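Before any comments, here is the structure.
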Amino acid sequence: MQTSPQQDWIQDLVVYQIYPRSFQDSNGDGIGDLPGVLQHMDYLEQLGINAIWLSPVYRSPNDDNGYDISGYQEIMEEFGTMADWEAFRDQCKARGIRILMDLVVNHSSDEHPWFEESRSSRDNPKSDYYIWHDPAPAGGPPNNWASVFGGSAWEFEPRRGQYYLHIFSKKQPDLNWDCPALREEIFSMMDWWAEKGVDGFRVDAISYLEKPQGFPDSPLPPQPDGYSLFNNWVAGSEGTHRYIRMMHDRVFGPRGLVTVGEVSLNRPEEVVDYVDPDRREFTMAIPFVPPVVEIATWSPEKLVADAARDWALLGERGWWARFLSNHDKPRQVSLYGSDKAFWEPSAKLLGLLIHTLPGTPFLYQGEELGMTNLAFSSIDQYNDPEAKNRYRQLLLEGTDPAEALRTIQLESRDNARTPMQWDDSPNAGFTTGTPWLQVNPNYTRINAAAQERDPASILHFYRALIALRKEHPALSRGDFAQVATGSPTLLAYRRTHARETLLTVLNFSSQPAELPQGLVPQDAQALLSSYNREGGWQGTSTLRPYEATLFLLPAAQA
């Protein structure tokens with residue numbers, strides 16, 4: 001892998017994503033906050049992670065849970081103060097934990113002072129900070145573009161007599177990256193956070209910075225939402241890549257920051273454009289796939305085939321962000337595993353998968369406990385605006401309300417946003433007040449305190465897994481080779497570095513699986529098993545349901 005001398009450390013990262021609103025409430029208002037994060041720094045250090053991706057804590061009216069920023073250099077009052085953030089920074093530095101701030105620069109909140117000024121007239125100093133367009137000749141929006149959250153992507157502003165563009169909510173107007181003054185404001189803000197001590201950024205929804213010139217109607221037929229339009233027609237233009245290179249050359253590169261771009265890809269090959277070091281853009285990328293698409297298309301075979309494809313694509317030309325969970329996805333054990341009959345071994349299997357593939361593993365809070373989806377009984381219980389819009393669309397298409405709700409129960413981003421389950425006290429120890437989003441009722445069974453006491457728990461498994469990654473360079477720096485098994489649900493691959501070779505074998509099925517003869521050498525050493533509660537690897541030719549084992553192969557097999 002090509003990295004600058006300042007970034008050699010990225011190969012050793014294990015990143016933990018904190019969604020502050022749902023992590024820990026310190027003051028009883030039902031909303032997680034920065035002092036709450038500070039209460040669990042020992043927990044994070046003991047887990048073994050060495051980087052935190054902190055979801056947005058900037059000032060925001062919370063139309064989209066902090067991804068609508070009204071003050072880039074201020075802290076949201078619900079989350080605390082800048083002094084609280086600085087205390088968090090200092091605790092991280094003392095423990096050797098790096099900080100990646102989540103940053104949204106495709107759009108801001110409509111309550112940001114820039115937008116308040118821009119919307120006031122056509123000739124103010126910030127008039128061009130956002131994307132404005134006159135109405136169509138016959139009146140109405142300038143074109144047929146649809147917002148990702150439903151409805152038109154244009155909102156009328158009477159004070160200017162013009163429409164502004166919003167790919168997402170109407171309270172998230174798109175920034176105009178074609179404006180030099182706007183770009184300088186953003187670069188200066190990034191510099192400011194770097195001076196404050198952040199080690200890098202995860203940059204949200206970054207593939208849409210440049211919009212088609214002239215704003216013509218979409219060549220695609222109108223869609224119920226804008227994902228098809230913006231992913232297939234707008235995402236990844238050369239202009240967008242040019243703006244990202246400006247960020248790199250102005251801020252990322254000179255400061256040696258690690259950067260993670262959330263990108264939308266039309267073809268898998270496009271990831272190279274974002275992470276090839278010669279292009280001077282991001283260190284690694286997180287491809288965004290809408291949950292509705294992922295639920296319909298994923299398979300165990302596809303997960304590892306995609307990893308093999310990525311290895312062939314990038315080779316020595318970049319790095320990978322490896323993840324199954326984040327704040328925009330269903331819980332991984334509910335989507336990819338078995339959150340009932342084989343909850344524990346399948347949760348461990350998924351952890352083993354992510355931490356043994358090439359790249360930097362990203363853990364989302366609660367993943368290390370095997371937290372599951374929560375199926376709310378009414379659409380009114382959901383907070384996620386995307387889920388509510390999807391529900392309305394399904395009803396308009398004639399879907400039965402009960403079936404529409406079942407769809408939302410699978411897809412909603414709120415699955416990942418229910419509060420962290422710390423113990424079996426009321427509200428899972430998350431808050432002494434009323435939580436902003438309902439706690440999953442299974443917290444009395446699935447919680448950190450119970451797993452701390454259980455040496456065979458998922459939590460202890462993750463601690464052992466992260467320790468193994470640090471102990472064996474093949475997991476952080478090794479080559480990757482998929483091993484054929486003849487089964488779409490029996491997966492195997494090798495990681496090799498110097499004279500060390502590790503073999504990962506995973507049975508992605510609720511049924512036992514027969515191992516091909518010779519796949520696991522007799523003298524291979526089992527380092528970790530998803531069945532550690534039952535004593536681990538049994539040395540037989542049959543894998544149990546969702547059994548996964550990491551082996552160290554003898555030198556002769558390397």
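Numbering starts fresh at 1 for the residues of each chain in the structure tokens, the chains themselves are lettered A, B, ... in the order given, and ligands are numbered from 1 as they appear.
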
Taking only region 39-95 of chain A into account, list the residues labelled strand (DSSP E) by DSSP (computed from the backbone), as a PDB file with all heavy atoms, in the first residue's frame.
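In the end it all went to part.pdb:
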ATOM      1  N   ALA A  51      -8.985   4.335  17.500  1.00  0.00           N
ATOM      2  CA  ALA A  51      -9.507   5.518  16.817  1.00  0.00           C
ATOM      3  C   ALA A  51     -11.008   5.574  17.040  1.00  0.00           C
ATOM      4  O   ALA A  51     -11.672   4.534  17.151  1.00  0.00           O
ATOM      5  CB  ALA A  51      -9.190   5.482  15.325  1.00  0.00           C
ATOM      6  N   ILE A  52     -11.546   6.784  17.119  1.00  0.00           N
ATOM      7  CA  ILE A  52     -12.985   7.003  17.257  1.00  0.00           C
ATOM      8  C   ILE A  52     -13.450   7.876  16.109  1.00  0.00           C
ATOM      9  O   ILE A  52     -12.880   8.938  15.839  1.00  0.00           O
ATOM     10  CB  ILE A  52     -13.330   7.677  18.600  1.00  0.00           C
ATOM     11  CG1 ILE A  52     -13.126   6.694  19.755  1.00  0.00           C
ATOM     12  CG2 ILE A  52     -14.777   8.197  18.598  1.00  0.00           C
ATOM     13  CD1 ILE A  52     -13.270   7.323  21.129  1.00  0.00           C
ATOM     14  N   TRP A  53     -14.474   7.393  15.413  1.00  0.00           N
ATOM     15  CA  TRP A  53     -15.210   8.223  14.450  1.00  0.00           C
ATOM     16  C   TRP A  53     -16.395   8.788  15.227  1.00  0.00           C
ATOM     17  O   TRP A  53     -17.291   8.053  15.636  1.00  0.00           O
ATOM     18  CB  TRP A  53     -15.635   7.375  13.262  1.00  0.00           C
ATOM     19  CG  TRP A  53     -16.802   7.877  12.449  1.00  0.00           C
ATOM     20  CD1 TRP A  53     -17.359   9.125  12.458  1.00  0.00           C
ATOM     21  CD2 TRP A  53     -17.549   7.122  11.485  1.00  0.00           C
ATOM     22  NE1 TRP A  53     -18.408   9.201  11.576  1.00  0.00           N
ATOM     23  CE2 TRP A  53     -18.544   7.983  10.969  1.00  0.00           C
ATOM     24  CE3 TRP A  53     -17.472   5.818  11.014  1.00  0.00           C
ATOM     25  CZ2 TRP A  53     -19.468   7.560  10.004  1.00  0.00           C
ATOM     26  CZ3 TRP A  53     -18.381   5.397  10.065  1.00  0.00           C
ATOM     27  CH2 TRP A  53     -19.357   6.261   9.561  1.00  0.00           C
ATOM     28  N   LEU A  54     -16.378  10.100  15.433  1.00  0.00           N
ATOM     29  CA  LEU A  54     -17.415  10.768  16.206  1.00  0.00           C
ATOM     30  C   LEU A  54     -18.436  11.364  15.243  1.00  0.00           C
ATOM     31  O   LEU A  54     -18.141  12.300  14.495  1.00  0.00           O
ATOM     32  CB  LEU A  54     -16.794  11.867  17.070  1.00  0.00           C
ATOM     33  CG  LEU A  54     -17.707  12.546  18.087  1.00  0.00           C
ATOM     34  CD1 LEU A  54     -18.145  11.565  19.171  1.00  0.00           C
ATOM     35  CD2 LEU A  54     -16.987  13.749  18.719  1.00  0.00           C
ATOM     36  N   TYR A  58     -21.720  19.059  16.024  1.00  0.00           N
ATOM     37  CA  TYR A  58     -21.746  20.496  15.758  1.00  0.00           C
ATOM     38  C   TYR A  58     -23.134  21.081  16.065  1.00  0.00           C
ATOM     39  O   TYR A  58     -24.129  20.344  16.154  1.00  0.00           O
ATOM     40  CB  TYR A  58     -21.421  20.763  14.289  1.00  0.00           C
ATOM     41  CG  TYR A  58     -20.252  19.988  13.745  1.00  0.00           C
ATOM     42  CD1 TYR A  58     -20.448  18.804  13.037  1.00  0.00           C
ATOM     43  CD2 TYR A  58     -18.941  20.426  13.940  1.00  0.00           C
ATOM     44  CE1 TYR A  58     -19.378  18.075  12.526  1.00  0.00           C
ATOM     45  CE2 TYR A  58     -17.860  19.711  13.434  1.00  0.00           C
ATOM     46  CZ  TYR A  58     -18.090  18.527  12.738  1.00  0.00           C
ATOM     47  OH  TYR A  58     -17.033  17.814  12.237  1.00  0.00           O
ATOM     48  N   ARG A  59     -23.199  22.395  16.176  1.00  0.00           N
ATOM     49  CA  ARG A  59     -24.493  23.050  16.372  1.00  0.00           C
ATOM     50  C   ARG A  59     -25.421  22.704  15.219  1.00  0.00           C
ATOM     51  O   ARG A  59     -25.019  22.774  14.050  1.00  0.00           O
ATOM     52  CB  ARG A  59     -24.316  24.568  16.482  1.00  0.00           C
ATOM     53  CG  ARG A  59     -25.638  25.306  16.706  1.00  0.00           C
ATOM     54  CD  ARG A  59     -25.414  26.711  17.253  1.00  0.00           C
ATOM     55  NE  ARG A  59     -24.616  27.547  16.355  1.00  0.00           N
ATOM     56  CZ  ARG A  59     -25.117  28.249  15.336  1.00  0.00           C
ATOM     57  NH1 ARG A  59     -26.402  28.190  15.055  1.00  0.00           N
ATOM     58  NH2 ARG A  59     -24.320  28.997  14.593  1.00  0.00           N
ATOM     59  N   GLY A  71     -23.626  25.407  12.673  1.00  0.00           N
ATOM     60  CA  GLY A  71     -22.423  26.047  13.197  1.00  0.00           C
ATOM     61  C   GLY A  71     -21.271  25.067  13.208  1.00  0.00           C
ATOM     62  O   GLY A  71     -21.175  24.228  14.114  1.00  0.00           O
ATOM     63  N   TYR A  72     -20.387  25.142  12.214  1.00  0.00           N
ATOM     64  CA  TYR A  72     -19.317  24.155  12.055  1.00  0.00           C
ATOM     65  C   TYR A  72     -18.268  24.214  13.171  1.00  0.00           C
ATOM     66  O   TYR A  72     -17.567  23.230  13.398  1.00  0.00           O
ATOM     67  CB  TYR A  72     -18.608  24.351  10.721  1.00  0.00           C
ATOM     68  CG  TYR A  72     -19.366  23.847   9.517  1.00  0.00           C
ATOM     69  CD1 TYR A  72     -20.097  24.725   8.712  1.00  0.00           C
ATOM     70  CD2 TYR A  72     -19.350  22.501   9.163  1.00  0.00           C
ATOM     71  CE1 TYR A  72     -20.784  24.271   7.587  1.00  0.00           C
ATOM     72  CE2 TYR A  72     -20.027  22.034   8.050  1.00  0.00           C
ATOM     73  CZ  TYR A  72     -20.750  22.923   7.270  1.00  0.00           C
ATOM     74  OH  TYR A  72     -21.436  22.467   6.168  1.00  0.00           O
ATOM     75  N   GLN A  73     -18.135  25.340  13.833  1.00  0.00           N
ATOM     76  CA  GLN A  73     -17.102  25.485  14.859  1.00  0.00           C
ATOM     77  C   GLN A  73     -17.712  25.680  16.244  1.00  0.00           C
ATOM     78  O   GLN A  73     -17.107  26.270  17.140  1.00  0.00           O
ATOM     79  CB  GLN A  73     -16.162  26.635  14.487  1.00  0.00           C
ATOM     80  CG  GLN A  73     -15.322  26.297  13.256  1.00  0.00           C
ATOM     81  CD  GLN A  73     -14.636  27.487  12.615  1.00  0.00           C
ATOM     82  OE1 GLN A  73     -14.827  27.782  11.436  1.00  0.00           O
ATOM     83  NE2 GLN A  73     -13.827  28.201  13.383  1.00  0.00           N
ATOM     84  N   GLU A  74     -18.911  25.118  16.415  1.00  0.00           N
ATOM     85  CA  GLU A  74     -19.607  25.160  17.695  1.00  0.00           C
ATOM     86  C   GLU A  74     -20.129  23.758  18.010  1.00  0.00           C
ATOM     87  O   GLU A  74     -20.287  22.935  17.116  1.00  0.00           O
ATOM     88  CB  GLU A  74     -20.781  26.142  17.630  1.00  0.00           C
ATOM     89  CG  GLU A  74     -20.380  27.568  17.267  1.00  0.00           C
ATOM     90  CD  GLU A  74     -21.592  28.422  16.966  1.00  0.00           C
ATOM     91  OE1 GLU A  74     -22.328  28.757  17.924  1.00  0.00           O
ATOM     92  OE2 GLU A  74     -21.819  28.739  15.788  1.00  0.00           O
ATOM     93  N   ILE A  75     -20.417  23.512  19.275  1.00  0.00           N
ATOM     94  CA  ILE A  75     -20.946  22.229  19.723  1.00  0.00           C
ATOM     95  C   ILE A  75     -22.443  22.373  19.985  1.00  0.00           C
ATOM     96  O   ILE A  75     -22.890  23.358  20.578  1.00  0.00           O
ATOM     97  CB  ILE A  75     -20.227  21.752  21.001  1.00  0.00           C
ATOM     98  CG1 ILE A  75     -18.714  21.573  20.730  1.00  0.00           C
ATOM     99  CG2 ILE A  75     -20.841  20.453  21.515  1.00  0.00           C
ATOM    100  CD1 ILE A  75     -18.370  20.542  19.696  1.00  0.00           C
TER     101      ILE A  75
END

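Near region 391-402 of chain A, within 12 Å and counting only C-alpha atoms, sit Phe149, Gly150, Gly151, Gln223, Pro224, Asp225, Phe376, Ser377, Ser378, Ile379, Asp380, Tyr382, Asp384, Pro385, Glu386, Ala387, Lys388, Leu405, Arg406, Thr407, Ile408, Gln409, Leu410, Glu411 and Ser412 of chain A, not including residues fewer than 3 positions from it in the same chain.
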
>> I'd like to know which residues of region 215-315 of chain A are alpha helix (DSSP H) (by DSSP, run on the backbone); could you write them as a ChimeraX atom specification?
In response: /A:227-229,238-247,253-255,271-275,291-297,300-314

> Counting only C-alpha atoms, which of A:Glu185, A:Glu86, A:Met284, A:Gln172 gets nearest to Tyr129 (chain A)?
Replying inline: A:Glu185

>> I'd like the neighbourhood of Leu475 (chain A) as JSON, numbers by chain, where a residue qualifies if any of its atoms comes within 9 Å (using only C-alpha atoms), though same-chain residues fewer than 6 positions away should be ignored.
In response: {"A": [355, 356, 357, 358, 359, 468, 469, 495, 496, 497, 502]}

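Candidate residues A:Tyr493, A:Phe215, A:Tyr546, A:Phe23 were compared for distance to Tyr164 (chain A), and the nearest is A:Phe215, using only C-alpha atoms.
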
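Neighbouring residues of Thr432 (chain A) at 9 Å or closer, counting only C-alpha atoms and skipping chain neighbours under 6 positions away, are A:Asp25, A:Ser26, A:Asn27, A:Gly28, A:Asp29, A:Gly30, A:Pro426.
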
File of the preceding selection, N, CA and C atoms, as a PDB file, in the first residue's frame:
ATOM      1  N   ASP A  25     -26.269   9.269  28.036  1.00  0.00           N
ATOM      2  CA  ASP A  25     -26.799  10.545  28.523  1.00  0.00           C
ATOM      3  C   ASP A  25     -26.273  10.787  29.931  1.00  0.00           C
ATOM      4  N   SER A  26     -25.659  11.938  30.147  1.00  0.00           N
ATOM      5  CA  SER A  26     -25.066  12.238  31.454  1.00  0.00           C
ATOM      6  C   SER A  26     -25.949  13.112  32.340  1.00  0.00           C
ATOM      7  N   ASN A  27     -26.989  13.744  31.762  1.00  0.00           N
ATOM      8  CA  ASN A  27     -27.747  14.729  32.550  1.00  0.00           C
ATOM      9  C   ASN A  27     -29.241  14.449  32.633  1.00  0.00           C
ATOM     10  N   GLY A  28     -29.693  13.290  32.158  1.00  0.00           N
ATOM     11  CA  GLY A  28     -31.077  12.906  32.334  1.00  0.00           C
ATOM     12  C   GLY A  28     -32.067  13.527  31.372  1.00  0.00           C
ATOM     13  N   ASP A  29     -31.570  14.167  30.297  1.00  0.00           N
ATOM     14  CA  ASP A  29     -32.516  14.753  29.335  1.00  0.00           C
ATOM     15  C   ASP A  29     -32.910  13.767  28.237  1.00  0.00           C
ATOM     16  N   GLY A  30     -32.400  12.538  28.313  1.00  0.00           N
ATOM     17  CA  GLY A  30     -32.770  11.506  27.345  1.00  0.00           C
ATOM     18  C   GLY A  30     -31.941  11.495  26.085  1.00  0.00           C
ATOM     19  N   PRO A 426     -33.249   0.337  34.372  1.00  0.00           N
ATOM     20  CA  PRO A 426     -34.202   1.009  33.475  1.00  0.00           C
ATOM     21  C   PRO A 426     -33.494   1.792  32.373  1.00  0.00           C
TER      22      PRO A 426
END

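By only C-alpha atoms, and with residues fewer than 3 positions from Tyr43 (chain A) along its chain excluded, the set lying at most 12 Å from it is Tyr16, Val37, Leu38, Gln39, His40, Gln46, Leu47, Gly48, Ile49, Arg95, Gln365, Glu368, Trp422, Ala448, Ala449, Glu452, Leu459, His460 and Arg463 of chain A.
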
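Using only C-alpha atoms, the smallest distance between any of A:His241, A:Arg279, A:Arg202, A:Arg544 and Val258 (chain A) comes from A:Arg202.
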
>> Excluding region 548-557 of chain A and its own-chain neighbours fewer than 4 positions away, which residues fall within 9 Å of it when counting only C-alpha atoms? Please give them as a PyMOL selection string.
In response: chain A and resi 345-346+348-350+352-353+356+499-508+520-521+523-531+536-537+543-544

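Neighbouring residues of Glu301 (chain A) at 9 Å or closer, counting only C-alpha atoms and skipping chain neighbours under 2 positions away, are Trp298, Ser299, Leu303, Val304, Ala305, Asp306, Ser487, Pro488, Thr489, Leu490, Leu491 and Phe508 of chain A.
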
Deliver the residues from the most recent selection as a file, using N, CA and C atoms, as a short mmCIF file (atom, residue, chain, number, x, y, z; two decimals), in the first residue's frame.
data_model
loop_
_atom_site.label_atom_id
_atom_site.label_comp_id
_atom_site.auth_asym_id
_atom_site.auth_seq_id
_atom_site.Cartn_x
_atom_site.Cartn_y
_atom_site.Cartn_z
N TRP A 298 -27.67 -8.64 -0.93
CA TRP A 298 -26.51 -9.21 -0.25
C TRP A 298 -26.59 -10.75 -0.21
N SER A 299 -25.45 -11.36 -0.09
CA SER A 299 -25.35 -12.80 0.18
C SER A 299 -23.97 -13.04 0.79
N LEU A 303 -20.34 -11.06 -0.14
CA LEU A 303 -19.50 -10.31 0.80
C LEU A 303 -18.02 -10.58 0.55
N VAL A 304 -17.66 -11.86 0.45
CA VAL A 304 -16.24 -12.19 0.28
C VAL A 304 -15.81 -12.00 -1.17
N ALA A 305 -16.71 -12.25 -2.12
CA ALA A 305 -16.37 -11.98 -3.52
C ALA A 305 -16.09 -10.49 -3.73
N ASP A 306 -16.86 -9.63 -3.06
CA ASP A 306 -16.61 -8.19 -3.16
C ASP A 306 -15.24 -7.84 -2.57
N SER A 487 -18.89 -24.15 -1.93
CA SER A 487 -20.19 -23.83 -1.30
C SER A 487 -20.36 -22.32 -1.24
N PRO A 488 -21.56 -21.81 -1.55
CA PRO A 488 -21.77 -20.35 -1.48
C PRO A 488 -21.87 -19.82 -0.07
N THR A 489 -22.03 -20.69 0.92
CA THR A 489 -22.13 -20.22 2.31
C THR A 489 -20.95 -20.66 3.18
N LEU A 490 -20.03 -21.43 2.61
CA LEU A 490 -18.81 -21.79 3.32
C LEU A 490 -17.68 -20.98 2.71
N LEU A 491 -17.17 -20.03 3.46
CA LEU A 491 -16.21 -19.06 2.93
C LEU A 491 -14.85 -19.24 3.60
N PHE A 508 -21.46 -19.54 6.90
CA PHE A 508 -22.50 -18.52 6.90
C PHE A 508 -23.87 -19.17 6.73
#
